[in-house]
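Q: Okay, so here is entry-v7.txt, and as you'll see once you scroll down, it has compact mmCIF, C-alpha atoms.
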# COMPACT_ATOMS: atom_id res chain seq x y z
CA MET A 1 14.17 25.27 -29.02
CA THR A 2 14.91 26.67 -32.44
CA SER A 3 14.62 30.31 -33.44
CA GLY A 4 13.58 30.80 -37.06
CA CYS A 5 10.13 32.32 -37.61
CA ARG A 6 8.87 33.83 -34.38
CA PHE A 7 6.03 31.31 -34.28
CA GLU A 8 8.29 28.33 -34.88
CA ASN A 9 8.65 27.48 -31.21
CA ASP A 10 4.87 27.63 -30.81
CA VAL A 11 4.53 25.25 -33.74
CA LEU A 12 7.03 22.83 -32.23
CA ARG A 13 5.27 22.98 -28.88
CA ALA A 14 1.94 22.37 -30.59
CA ILE A 15 3.36 19.29 -32.30
CA GLU A 16 4.47 17.92 -28.95
CA SER A 17 1.22 18.63 -27.15
CA ASP A 18 -0.97 18.11 -30.23
CA SER A 19 -2.99 21.20 -29.36
CA TRP A 20 -3.37 23.74 -32.13
CA SER A 21 -4.96 27.12 -31.76
CA ASP A 22 -6.89 28.54 -34.72
CA SER A 23 -4.47 31.43 -35.10
CA LEU A 24 -1.50 29.08 -35.19
CA ARG A 25 -3.18 26.92 -37.83
CA GLU A 26 -3.83 30.00 -39.92
CA HIS A 27 -0.21 31.05 -39.53
CA VAL A 28 1.10 27.63 -40.50
CA ALA A 29 -1.05 27.70 -43.63
CA THR A 30 0.61 30.93 -44.76
CA CYS A 31 4.20 30.48 -43.48
CA ASP A 32 6.48 28.18 -45.49
CA GLU A 33 8.97 27.91 -42.66
CA CYS A 34 6.43 26.86 -40.05
CA SER A 35 4.69 24.54 -42.46
CA ALA A 36 7.96 22.75 -43.16
CA ALA A 37 8.75 22.72 -39.43
CA LYS A 38 5.37 21.20 -38.72
CA ASN A 39 5.66 18.41 -41.27
CA ALA A 40 9.23 17.57 -40.39
CA GLY A 41 8.64 17.97 -36.65
CA ALA A 42 5.71 15.56 -36.55
CA TRP A 43 7.63 12.92 -38.44
CA MET A 44 10.82 13.44 -36.45
CA HIS A 45 8.91 12.94 -33.21
CA SER A 46 7.57 9.59 -34.41
CA PHE A 47 11.04 8.69 -35.67
CA ALA A 48 12.64 9.56 -32.34
CA ALA A 49 9.96 7.65 -30.48
CA ILE A 50 11.06 4.33 -31.95
CA ASP A 51 12.58 2.55 -29.02
CA ASP A 52 16.33 2.02 -29.16
CA ARG A 53 16.62 1.12 -25.51
CA GLU A 54 17.06 -2.57 -26.19
CA HIS A 55 20.56 -1.66 -27.35
CA ILE A 56 23.05 -2.08 -24.53
CA LEU A 57 25.44 0.83 -24.32
CA PRO A 58 29.14 0.29 -23.64
CA ASN A 59 29.79 0.12 -19.91
CA PRO A 60 31.05 3.45 -18.48
CA SER A 61 33.76 1.70 -16.43
CA ILE A 62 35.11 0.07 -19.57
CA VAL A 63 35.01 3.36 -21.47
CA TRP A 64 36.86 5.02 -18.57
CA LEU A 65 39.45 2.23 -18.47
CA LYS A 66 39.99 2.33 -22.24
CA ALA A 67 40.38 6.10 -22.08
CA GLN A 68 43.01 5.75 -19.35
CA LEU A 69 44.88 3.12 -21.39
CA LEU A 70 44.75 5.31 -24.49
CA GLN A 71 46.05 8.22 -22.47
CA GLN A 72 48.92 6.12 -21.15
CA THR A 73 49.77 4.88 -24.64
CA ARG A 74 49.74 8.45 -25.89
CA THR A 75 52.02 9.53 -23.03
CA VAL A 76 54.46 6.71 -23.74
CA ASP A 77 54.42 7.56 -27.46
CA ARG A 78 55.15 11.17 -26.67
CA ALA A 79 57.98 10.21 -24.31
CA THR A 80 59.61 7.79 -26.74
CA ARG A 81 59.26 9.97 -29.83
CA PRO A 82 62.66 11.70 -29.39
CA MET A 83 64.29 8.31 -28.85
CA SER A 84 62.70 6.94 -32.03
CA MET A 85 63.88 9.99 -33.95
CA VAL A 86 67.45 9.53 -32.70
CA GLN A 87 67.25 5.84 -33.60
CA SER A 88 66.09 6.63 -37.14
CA ALA A 89 68.85 9.21 -37.50
CA ALA A 90 71.37 6.59 -36.35
CA TYR A 91 70.10 4.11 -38.99
CA VAL A 92 70.51 6.74 -41.68
CA LEU A 93 73.97 7.75 -40.41
CA VAL A 94 75.30 4.19 -40.27
CA ALA A 95 73.86 3.34 -43.68
CA THR A 96 75.38 6.50 -45.16
CA CYS A 97 78.79 5.71 -43.62
CA TRP A 98 78.67 2.18 -45.03
CA ALA A 99 77.72 3.50 -48.45
CA MET A 100 80.49 6.13 -48.41
CA PHE A 101 83.07 3.66 -47.18
CA LEU A 102 82.17 0.99 -49.74
CA THR A 103 82.11 3.54 -52.55
CA ALA A 104 85.53 4.92 -51.58
CA LYS A 105 87.23 1.61 -50.91
CA TRP A 106 85.44 -0.68 -53.35
CA ASN A 107 88.44 -1.36 -55.57
CA THR A 108 90.72 -2.07 -52.62
CA LEU A 109 88.18 -4.35 -50.99
CA ALA A 110 87.46 -6.18 -54.28
CA ALA A 111 91.18 -6.76 -54.90
CA TRP A 112 91.63 -7.97 -51.34
CA ALA A 113 88.60 -10.29 -51.62
CA LYS A 114 90.09 -11.90 -54.76
CA THR A 115 93.15 -12.95 -52.78
CA LEU A 116 90.94 -14.84 -50.34
CA THR A 117 90.91 -18.18 -52.18
CA THR A 118 90.94 -21.50 -50.36
CA SER A 119 94.22 -22.62 -51.88
CA ARG A 120 95.84 -19.38 -50.80
CA PHE A 121 94.71 -20.02 -47.24
CA VAL A 122 95.93 -23.61 -47.24
CA ILE A 123 99.14 -23.35 -49.22
CA ASP A 124 100.24 -19.81 -48.76
CA PRO A 125 98.86 -17.49 -46.06
CA PRO A 126 97.25 -14.34 -47.52
CA ILE A 127 99.25 -11.22 -47.57
CA ALA A 128 97.54 -8.46 -45.58
CA SER A 129 96.71 -5.96 -48.25
CA LEU A 130 94.29 -3.79 -46.23
CA SER A 131 95.56 -0.80 -44.38
CA MET A 132 95.06 -0.54 -40.63
CA THR A 133 92.73 2.44 -41.16
CA THR A 134 90.47 0.43 -43.45
CA VAL A 135 90.34 -2.45 -41.01
CA PHE A 136 89.61 -0.02 -38.18
CA VAL A 137 86.78 1.66 -40.13
CA VAL A 138 85.25 -1.70 -41.01
CA MET A 139 85.37 -2.77 -37.37
CA LEU A 140 83.93 0.54 -36.24
CA LEU A 141 81.03 0.42 -38.69
CA ALA A 142 80.36 -3.24 -37.94
CA SER A 143 80.27 -2.47 -34.21
CA ALA A 144 77.94 0.46 -34.75
CA THR A 145 75.62 -1.70 -36.88
CA ALA A 146 75.60 -4.48 -34.30
CA MET A 147 74.91 -2.03 -31.46
CA LEU A 148 72.04 -0.48 -33.38
CA ALA A 149 70.56 -3.88 -34.11
CA LEU A 150 70.88 -4.91 -30.48
CA HIS A 151 69.33 -1.64 -29.32
CA THR A 152 66.38 -2.10 -31.67
CA ILE A 153 65.77 -5.66 -30.49
CA LEU A 154 66.09 -4.79 -26.80
CA ALA A 155 63.94 -1.67 -27.16
CA GLU A 156 61.21 -3.72 -28.80
CA ASP A 157 61.36 -6.22 -25.95
CA MET B 1 68.31 47.21 1.51
CA VAL B 2 66.47 45.43 -1.26
CA ALA B 3 64.07 42.76 -0.15
CA PHE B 4 63.80 39.73 -2.40
CA ALA B 5 60.55 37.91 -2.49
CA LEU B 6 61.68 34.31 -2.59
CA ASP B 7 58.30 32.98 -3.56
CA ALA B 8 57.95 35.34 -6.53
CA PRO B 9 58.24 33.55 -9.90
CA PHE B 10 61.44 33.93 -11.82
CA PRO B 11 60.72 36.43 -14.61
CA PHE B 12 61.70 34.07 -17.41
CA ALA B 13 60.38 30.92 -15.81
CA ARG B 14 58.10 28.85 -18.01
CA PRO B 15 54.52 29.14 -16.79
CA SER B 16 53.32 25.97 -15.13
CA ARG B 17 50.75 24.01 -17.06
CA ARG B 18 47.37 25.06 -15.76
CA GLN B 19 45.30 22.26 -14.36
CA PRO B 20 41.58 22.23 -15.08
CA ASP B 21 39.47 23.66 -12.28
CA HIS B 22 37.33 20.54 -12.09
CA PRO B 23 39.31 17.53 -13.27
CA MET B 24 37.19 14.59 -14.29
CA ASN B 25 37.35 11.56 -12.03
CA GLU B 26 35.72 8.19 -12.58
CA ALA B 27 32.64 8.96 -10.48
CA LYS B 28 32.01 12.23 -12.33
CA PHE B 29 32.56 10.53 -15.65
CA ASP B 30 30.19 7.73 -14.69
CA ALA B 31 27.47 10.23 -13.84
CA LEU B 32 28.05 12.23 -17.02
CA TYR B 33 28.04 9.09 -19.15
CA ARG B 34 24.82 7.77 -17.65
CA ARG B 35 23.17 11.16 -18.14
CA THR B 36 24.18 11.71 -21.74
CA ALA B 37 25.34 8.52 -23.45
CA GLY B 38 21.87 7.20 -24.32
CA LYS B 39 20.84 10.32 -26.18
CA VAL B 40 24.20 10.72 -27.88
CA TRP B 41 24.07 7.09 -28.99
CA SER B 42 20.59 7.58 -30.48
CA TYR B 43 21.86 10.66 -32.32
CA LEU B 44 24.89 8.80 -33.68
CA TYR B 45 22.79 5.79 -34.57
CA ARG B 46 20.34 7.91 -36.57
CA LEU B 47 23.22 9.70 -38.25
CA THR B 48 25.13 6.57 -39.25
CA GLY B 49 22.40 3.94 -39.42
CA ASP B 50 24.68 1.34 -37.85
CA ALA B 51 24.59 0.35 -34.19
CA SER B 52 28.19 -0.86 -34.02
CA ILE B 53 29.52 2.32 -35.65
CA ALA B 54 27.39 4.33 -33.24
CA ASP B 55 28.99 2.37 -30.37
CA ASP B 56 32.48 3.11 -31.69
CA LEU B 57 31.78 6.78 -32.23
CA LEU B 58 30.16 7.07 -28.81
CA GLN B 59 33.26 5.67 -27.15
CA LYS B 60 35.53 7.91 -29.22
CA THR B 61 33.40 10.89 -28.24
CA PHE B 62 33.89 10.18 -24.56
CA PHE B 63 37.58 9.42 -25.06
CA ARG B 64 37.95 12.88 -26.54
CA VAL B 65 35.94 14.43 -23.75
CA LEU B 66 38.21 12.78 -21.20
CA ARG B 67 41.36 13.65 -23.09
CA SER B 68 40.53 17.32 -23.43
CA ASN B 69 39.07 17.42 -19.92
CA PRO B 70 37.20 20.63 -20.68
CA THR B 71 36.55 23.08 -17.87
CA VAL B 72 32.89 23.69 -18.42
CA ALA B 73 30.66 25.90 -16.41
CA ASP B 74 27.59 23.71 -16.45
CA ASP B 75 25.82 20.70 -17.92
CA ASP B 76 24.56 22.69 -20.88
CA HIS B 77 28.10 23.58 -21.98
CA MET B 78 29.19 19.99 -21.52
CA ARG B 79 26.22 18.79 -23.56
CA ARG B 80 27.11 21.21 -26.36
CA TYR B 81 30.71 20.08 -26.24
CA ILE B 82 29.73 16.40 -26.40
CA TYR B 83 27.35 16.90 -29.35
CA LYS B 84 29.93 18.96 -31.20
CA THR B 85 32.52 16.22 -30.70
CA ALA B 86 30.07 13.47 -31.68
CA THR B 87 29.03 15.36 -34.83
CA ASN B 88 32.65 15.95 -35.85
CA LEU B 89 33.47 12.29 -35.36
CA ALA B 90 30.43 11.18 -37.36
CA PHE B 91 31.30 13.54 -40.22
CA ASP B 92 34.93 12.37 -40.10
CA HIS B 93 33.64 8.83 -40.32
CA PHE B 94 31.62 9.68 -43.42
CA ARG B 95 34.59 11.39 -45.00
CA GLU B 96 36.91 8.51 -44.25
CA THR B 97 34.72 5.67 -45.34
CA LYS B 98 32.54 7.37 -47.94
CA ARG B 99 29.79 5.17 -46.66
CA GLU B 100 26.90 7.56 -46.84
CA ARG B 101 25.42 5.33 -49.49
CA ALA B 102 25.94 2.29 -47.30
CA TYR B 103 23.69 3.85 -44.68
CA ALA B 104 20.59 2.31 -46.15
CA ALA B 105 22.20 -1.12 -46.29
CA ALA B 106 23.41 -0.75 -42.71
CA SER B 107 20.03 0.37 -41.51
CA GLN B 108 18.51 -2.81 -42.90
CA ARG B 109 20.62 -4.89 -40.53
CA SER B 110 18.38 -4.73 -37.54
CA ASP B 111 18.17 -6.76 -34.40
CA VAL B 112 15.04 -5.27 -32.93
CA ARG B 113 11.69 -6.75 -32.13
CA PRO B 114 9.75 -7.78 -35.27
CA GLU B 115 6.79 -5.46 -34.71
CA THR B 116 9.02 -2.38 -34.69
CA THR B 117 11.39 -3.54 -37.41
CA GLU B 118 9.25 -2.68 -40.41
CA LEU B 119 8.37 0.77 -39.19
CA ARG B 120 11.95 1.45 -38.25
CA HIS B 121 13.17 0.27 -41.64
CA ASP B 122 10.82 2.59 -43.47
CA MET B 123 11.78 5.53 -41.33
CA MET B 124 15.50 4.77 -41.41
CA ARG B 125 15.37 4.42 -45.17
CA VAL B 126 13.74 7.81 -45.55
CA PHE B 127 16.22 9.38 -43.14
CA ALA B 128 19.09 7.72 -45.00
CA GLU B 129 18.21 9.61 -48.14
CA LEU B 130 19.05 12.88 -46.44
CA LYS B 131 22.59 14.21 -46.33
CA PRO B 132 24.46 13.69 -43.04
CA GLN B 133 24.30 17.40 -42.26
CA GLU B 134 20.54 17.42 -42.85
CA ARG B 135 20.11 14.41 -40.58
CA ALA B 136 22.13 16.11 -37.86
CA LEU B 137 20.20 19.38 -38.26
CA LEU B 138 16.80 17.73 -38.03
CA TRP B 139 17.73 15.52 -35.09
CA LEU B 140 19.27 18.36 -33.10
CA ALA B 141 16.43 20.75 -33.85
CA HIS B 142 13.50 18.42 -33.31
CA VAL B 143 14.66 15.72 -30.95
CA GLU B 144 17.33 17.45 -28.89
CA GLU B 145 15.40 20.72 -29.16
CA SER B 146 18.64 22.63 -29.61
CA ASN B 147 18.51 26.29 -30.57
CA HIS B 148 20.24 27.70 -33.64
CA ASP B 149 23.37 28.65 -31.71
CA GLU B 150 23.74 25.14 -30.31
CA ILE B 151 23.16 23.59 -33.74
CA ALA B 152 25.68 25.96 -35.31
CA ASP B 153 28.17 25.04 -32.62
CA ALA B 154 27.68 21.31 -33.13
CA LEU B 155 27.86 21.47 -36.93
CA GLY B 156 30.60 24.07 -37.20
CA VAL B 157 28.50 26.47 -39.28
CA LYS B 158 27.48 30.07 -38.75
CA SER B 159 24.48 30.59 -36.54
CA LYS B 160 22.79 32.68 -39.22
CA SER B 161 23.10 29.84 -41.74
CA VAL B 162 21.24 27.40 -39.53
CA ARG B 163 17.85 28.92 -40.29
CA VAL B 164 18.29 28.44 -44.04
CA LEU B 165 19.91 25.02 -43.71
CA LEU B 166 17.20 23.82 -41.37
CA PHE B 167 14.47 25.10 -43.65
CA ARG B 168 16.03 23.27 -46.59
CA ALA B 169 16.42 20.07 -44.58
CA ARG B 170 12.79 20.22 -43.49
CA LYS B 171 11.64 20.87 -47.04
CA ARG B 172 13.70 17.96 -48.29
CA LEU B 173 12.35 15.64 -45.64
CA GLY B 174 8.84 16.82 -46.50
CA GLU B 175 9.44 16.09 -50.18
CA LEU B 176 10.82 12.64 -49.42
CA LEU B 177 7.89 11.82 -47.19
CA ALA B 178 5.44 13.06 -49.79
CA LYS B 179 7.18 10.99 -52.47
CA LYS B 180 6.92 7.85 -50.36
CA GLY B 181 3.40 8.61 -49.22
CA LEU B 182 4.51 8.92 -45.60
CA ALA B 183 3.77 12.60 -45.06
CA PRO B 184 2.10 13.22 -41.69
CA GLU B 185 -1.49 14.36 -41.73
CA VAL B 186 -1.72 18.10 -41.49
CA ALA B 187 -3.68 19.11 -38.42
CA ARG B 188 -5.69 22.06 -39.65
Here is the file; what I need is its structure written in the form of structure tokens.
A:
Amino acid sequence: MTSGCRFENDVLRAIESDSWSDSLREHVATCDECSAAKNAGAWMHSFAAIDDREHILPNPSIVWLKAQLLQQTRTVDRATRPMSMVQSAAYVLVATCWAMFLTAKWNTLAAWAKTLTTSRFVIDPPIASLSMTTVFVVMLLASATAMLALHTILAED
Amino acid sequence: MVAFALDAPFPFARPSRRQPDHPMNEAKFDALYRRTAGKVWSYLYRLTGDASIADDLLQKTFFRVLRSNPTVADDDHMRRYIYKTATNLAFDHFRETKRERAYAAASQRSDVRPETTELRHDMMRVFAELKPQERALLWLAHVEESNHDEIADALGVKSKSVRVLLFRARKRLGELLAKKGLAPEVAR
């Protein structure tokens, strides 16, 4: 029950039982709060009385099952969050390394790429113009990229 | 000789996560759901004006109840908790979709028996013209017969404000009913 004017509960009870004492009627006539409560209360009771029962509620077993599934999903998400963060960091790291390497060695790589013509391959074998360090870094970064890609694919599976 | 209590907790040990005193199992949930879901659905339906949204919000309400697994002393506390959660979800829904205005349109989609449809439409349309908070206030006060503390708890407002808010909501409903010629006869 509500607790506004001290007669409000009496008014609400009177609406329900439809029995009004003279004193309560007199009070309602003079009290704005109770008058509003009376008008709204009567209408709200008719409004609430409209039958909604033909609506079938979701089955409690299904709600329970869905809740369990959601909980499991949330647990898995929580457990894999650190792994996802490490994976994202690895993407950023590998991309940064590639960018740094290409920026630093662009001229060397471009010059070396120009020597890779078909005729050069057929007629005259190309002269190895890349240092061992460069080749090693390329292989390292390529391996890291491939491992990351494989990890992503396998993790998704 | 100093005696060591082997079962005493290590001073810097992390405290173990406290389990609720009464964890919810499926049977308890089933009983709780059957006891409360009908009324909560009616409340959500009258707030949103759409049966499918009310279904969604009802399920979300119980998901949250299960997730938080509140340790409540009695049914009354649980009821308050459920209504608070349902109200928050309904208000979140309104904020997200800005569909307060769509309420009237939604309330016109009805699948009820023809003899009750017209009356329901009229009443739903009137109710739709109120703000969501006013709808919630009126339903909780008049249908759920909640006291001001319970209403304040459900709506996240101060208990002292409920009296004023409820008065305004009642006045506004009265004005709307008078405007549409639906005001109940005054029993004097």
Q: As a PyMOL selection string, could you give me every residue of chain B near chain A (at most 8 Å apart, counting all atoms listed in the file)?
A: chain B and resi 26+29-30+33-34+37-38+41-42+55+59+62-63+66-67+112+116+120+123+138-139+141-143+145-148+163+167+170-171+173-174+183-184+186-188
Q: Could you give me the axis-aligned bounding box of region 145-156 of chain A, with 3 Å of padding per side, as centre plus edge lengths in Å to one decimal, as JSON?
A:
{"center_x": 68.4, "center_y": -3.1, "center_z": -31.8, "size_x": 20.4, "size_y": 11.2, "size_z": 16.1}
Q: Provide the CA of Leu182 (chain B) to CA of Ala54 (chain B) distance in Å, to one decimal place.
A: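 Separation of CA of Leu182 (chain B) and CA of Ala54 (chain B): 26.4 Å.
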Q: With all atoms listed in the file as the counted atoms, please give the residues lying no more than 9 Å from region 144-147 of chain A, apart from itself and same-chain residues fewer than 3 positions off, as a VMD selection string.
A: chain A and resid 91 94 to 95 139 to 141 150 to 152
Q: Those selected residues, please, written with C-alpha atoms and delivered as a CSV table (one decimal), in the frame of the given file.
A:
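Saved result, out-v1.csv, follows:
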chain,number,residue,atom,x,y,z
A,91,TYR,CA,70.1,4.1,-39.0
A,94,VAL,CA,75.3,4.2,-40.3
A,95,ALA,CA,73.9,3.3,-43.7
A,139,MET,CA,85.4,-2.8,-37.4
A,140,LEU,CA,83.9,0.5,-36.2
A,141,LEU,CA,81.0,0.4,-38.7
A,150,LEU,CA,70.9,-4.9,-30.5
A,151,HIS,CA,69.3,-1.6,-29.3
A,152,THR,CA,66.4,-2.1,-31.7
Q: Identify which of the residues A:Leu69, A:Ile153, A:Leu130, A:Ala142 lies closest to Ala110 (chain A), counting all atoms listed in the file when measuring atom-to-atom distances.
A: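 Closest residue, counting all atoms listed in the file: A:Leu130.
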Q: In Å, rounded to a single decimal, give me how far CA of Leu155 (chain B) is from CA of Asp76 (chain B).
A: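 Atom-to-atom, CA of Asp76 (chain B) to CA of Leu155 (chain B), that is 16.4 Å.
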Q: Using all atoms listed in the file, find the one residue out of B:Val40, B:Glu144, B:Arg172, B:Phe127 that sits nearest to Thr85 (chain B).
A: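 Checking each candidate against Thr85 (chain B), we get B:Val40 as the closest.
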Q: For Val162 (chain B), which residue among B:Ala51, B:Glu175, B:Tyr45, B:Leu140 is the nearest when counting only C-alpha atoms?
A: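 For Val162 (chain B), the nearest of the given residues is B:Leu140.
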Q: Can you work out the spacing between CA of Leu109 (chain A) and CA of Met132 (chain A) in Å, to one decimal?
A: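 We find that CA of Leu109 (chain A) and CA of Met132 (chain A) lie 13.0 Å from each other.
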Q: Of the candidates A:Leu148, A:Glu156, A:Arg6, A:Glu16, which one gets nearest to Ala90 (chain A) if we count only C-alpha atoms?
A: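 Looking at the shortest contact to Ala90 (chain A), the residue is A:Leu148.
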Q: From the list B:Arg125, B:Lys84, B:Ala31, B:Glu118, which residue is nearest Gly49 (chain B) when using only C-alpha atoms?
A: B:Arg125
Q: Taking the partial coordinates given, rebuild region 43-62 of chain B to contain N, CA and C atoms; return it as a PDB file, keeping the file's coordinate frame.
A:
ATOM      1  N   TYR B  43      21.491   9.662 -31.300  1.00  0.00           N
ATOM      2  CA  TYR B  43      21.860  10.660 -32.320  1.00  0.00           C
ATOM      3  C   TYR B  43      22.838  10.050 -33.320  1.00  0.00           C
ATOM      4  N   LEU B  44      23.878   9.391 -32.794  1.00  0.00           N
ATOM      5  CA  LEU B  44      24.890   8.800 -33.680  1.00  0.00           C
ATOM      6  C   LEU B  44      24.309   7.655 -34.499  1.00  0.00           C
ATOM      7  N   TYR B  45      23.416   6.910 -33.872  1.00  0.00           N
ATOM      8  CA  TYR B  45      22.790   5.790 -34.570  1.00  0.00           C
ATOM      9  C   TYR B  45      21.939   6.293 -35.739  1.00  0.00           C
ATOM     10  N   ARG B  46      21.183   7.375 -35.485  1.00  0.00           N
ATOM     11  CA  ARG B  46      20.340   7.910 -36.570  1.00  0.00           C
ATOM     12  C   ARG B  46      21.196   8.578 -37.640  1.00  0.00           C
ATOM     13  N   LEU B  47      22.334   9.078 -37.248  1.00  0.00           N
ATOM     14  CA  LEU B  47      23.220   9.700 -38.250  1.00  0.00           C
ATOM     15  C   LEU B  47      23.886   8.642 -39.125  1.00  0.00           C
ATOM     16  N   THR B  48      24.342   7.556 -38.503  1.00  0.00           N
ATOM     17  CA  THR B  48      25.130   6.570 -39.250  1.00  0.00           C
ATOM     18  C   THR B  48      24.297   5.387 -39.739  1.00  0.00           C
ATOM     19  N   GLY B  49      23.230   5.076 -39.032  1.00  0.00           N
ATOM     20  CA  GLY B  49      22.400   3.940 -39.420  1.00  0.00           C
ATOM     21  C   GLY B  49      22.999   2.595 -39.044  1.00  0.00           C
ATOM     22  N   ASP B  50      24.023   2.593 -38.216  1.00  0.00           N
ATOM     23  CA  ASP B  50      24.680   1.340 -37.850  1.00  0.00           C
ATOM     24  C   ASP B  50      25.000   1.363 -36.350  1.00  0.00           C
ATOM     25  N   ALA B  51      24.449   0.365 -35.643  1.00  0.00           N
ATOM     26  CA  ALA B  51      24.590   0.350 -34.190  1.00  0.00           C
ATOM     27  C   ALA B  51      26.044   0.189 -33.739  1.00  0.00           C
ATOM     28  N   SER B  52      26.809  -0.639 -34.459  1.00  0.00           N
ATOM     29  CA  SER B  52      28.190  -0.860 -34.020  1.00  0.00           C
ATOM     30  C   SER B  52      29.055   0.377 -34.268  1.00  0.00           C
ATOM     31  N   ILE B  53      28.777   1.065 -35.387  1.00  0.00           N
ATOM     32  CA  ILE B  53      29.520   2.320 -35.650  1.00  0.00           C
ATOM     33  C   ILE B  53      29.125   3.358 -34.604  1.00  0.00           C
ATOM     34  N   ALA B  54      27.842   3.380 -34.268  1.00  0.00           N
ATOM     35  CA  ALA B  54      27.390   4.330 -33.240  1.00  0.00           C
ATOM     36  C   ALA B  54      28.092   4.045 -31.908  1.00  0.00           C
ATOM     37  N   ASP B  55      28.259   2.753 -31.590  1.00  0.00           N
ATOM     38  CA  ASP B  55      28.990   2.370 -30.370  1.00  0.00           C
ATOM     39  C   ASP B  55      30.418   2.902 -30.396  1.00  0.00           C
ATOM     40  N   ASP B  56      31.081   2.666 -31.538  1.00  0.00           N
ATOM     41  CA  ASP B  56      32.480   3.110 -31.690  1.00  0.00           C
ATOM     42  C   ASP B  56      32.588   4.621 -31.533  1.00  0.00           C
ATOM     43  N   LEU B  57      31.705   5.311 -32.250  1.00  0.00           N
ATOM     44  CA  LEU B  57      31.780   6.780 -32.230  1.00  0.00           C
ATOM     45  C   LEU B  57      31.436   7.324 -30.846  1.00  0.00           C
ATOM     46  N   LEU B  58      30.507   6.639 -30.172  1.00  0.00           N
ATOM     47  CA  LEU B  58      30.160   7.070 -28.810  1.00  0.00           C
ATOM     48  C   LEU B  58      31.377   6.970 -27.891  1.00  0.00           C
ATOM     49  N   GLN B  59      32.068   5.846 -27.998  1.00  0.00           N
ATOM     50  CA  GLN B  59      33.260   5.670 -27.150  1.00  0.00           C
ATOM     51  C   GLN B  59      34.332   6.702 -27.496  1.00  0.00           C
ATOM     52  N   LYS B  60      34.530   6.916 -28.805  1.00  0.00           N
ATOM     53  CA  LYS B  60      35.530   7.910 -29.220  1.00  0.00           C
ATOM     54  C   LYS B  60      35.158   9.298 -28.708  1.00  0.00           C
ATOM     55  N   THR B  61      33.862   9.579 -28.742  1.00  0.00           N
ATOM     56  CA  THR B  61      33.400  10.890 -28.240  1.00  0.00           C
ATOM     57  C   THR B  61      33.809  11.065 -26.792  1.00  0.00           C
ATOM     58  N   PHE B  62      33.556  10.048 -25.986  1.00  0.00           N
ATOM     59  CA  PHE B  62      33.890  10.180 -24.560  1.00  0.00           C
ATOM     60  C   PHE B  62      35.396  10.115 -24.316  1.00  0.00           C
TER      61      PHE B  62
END
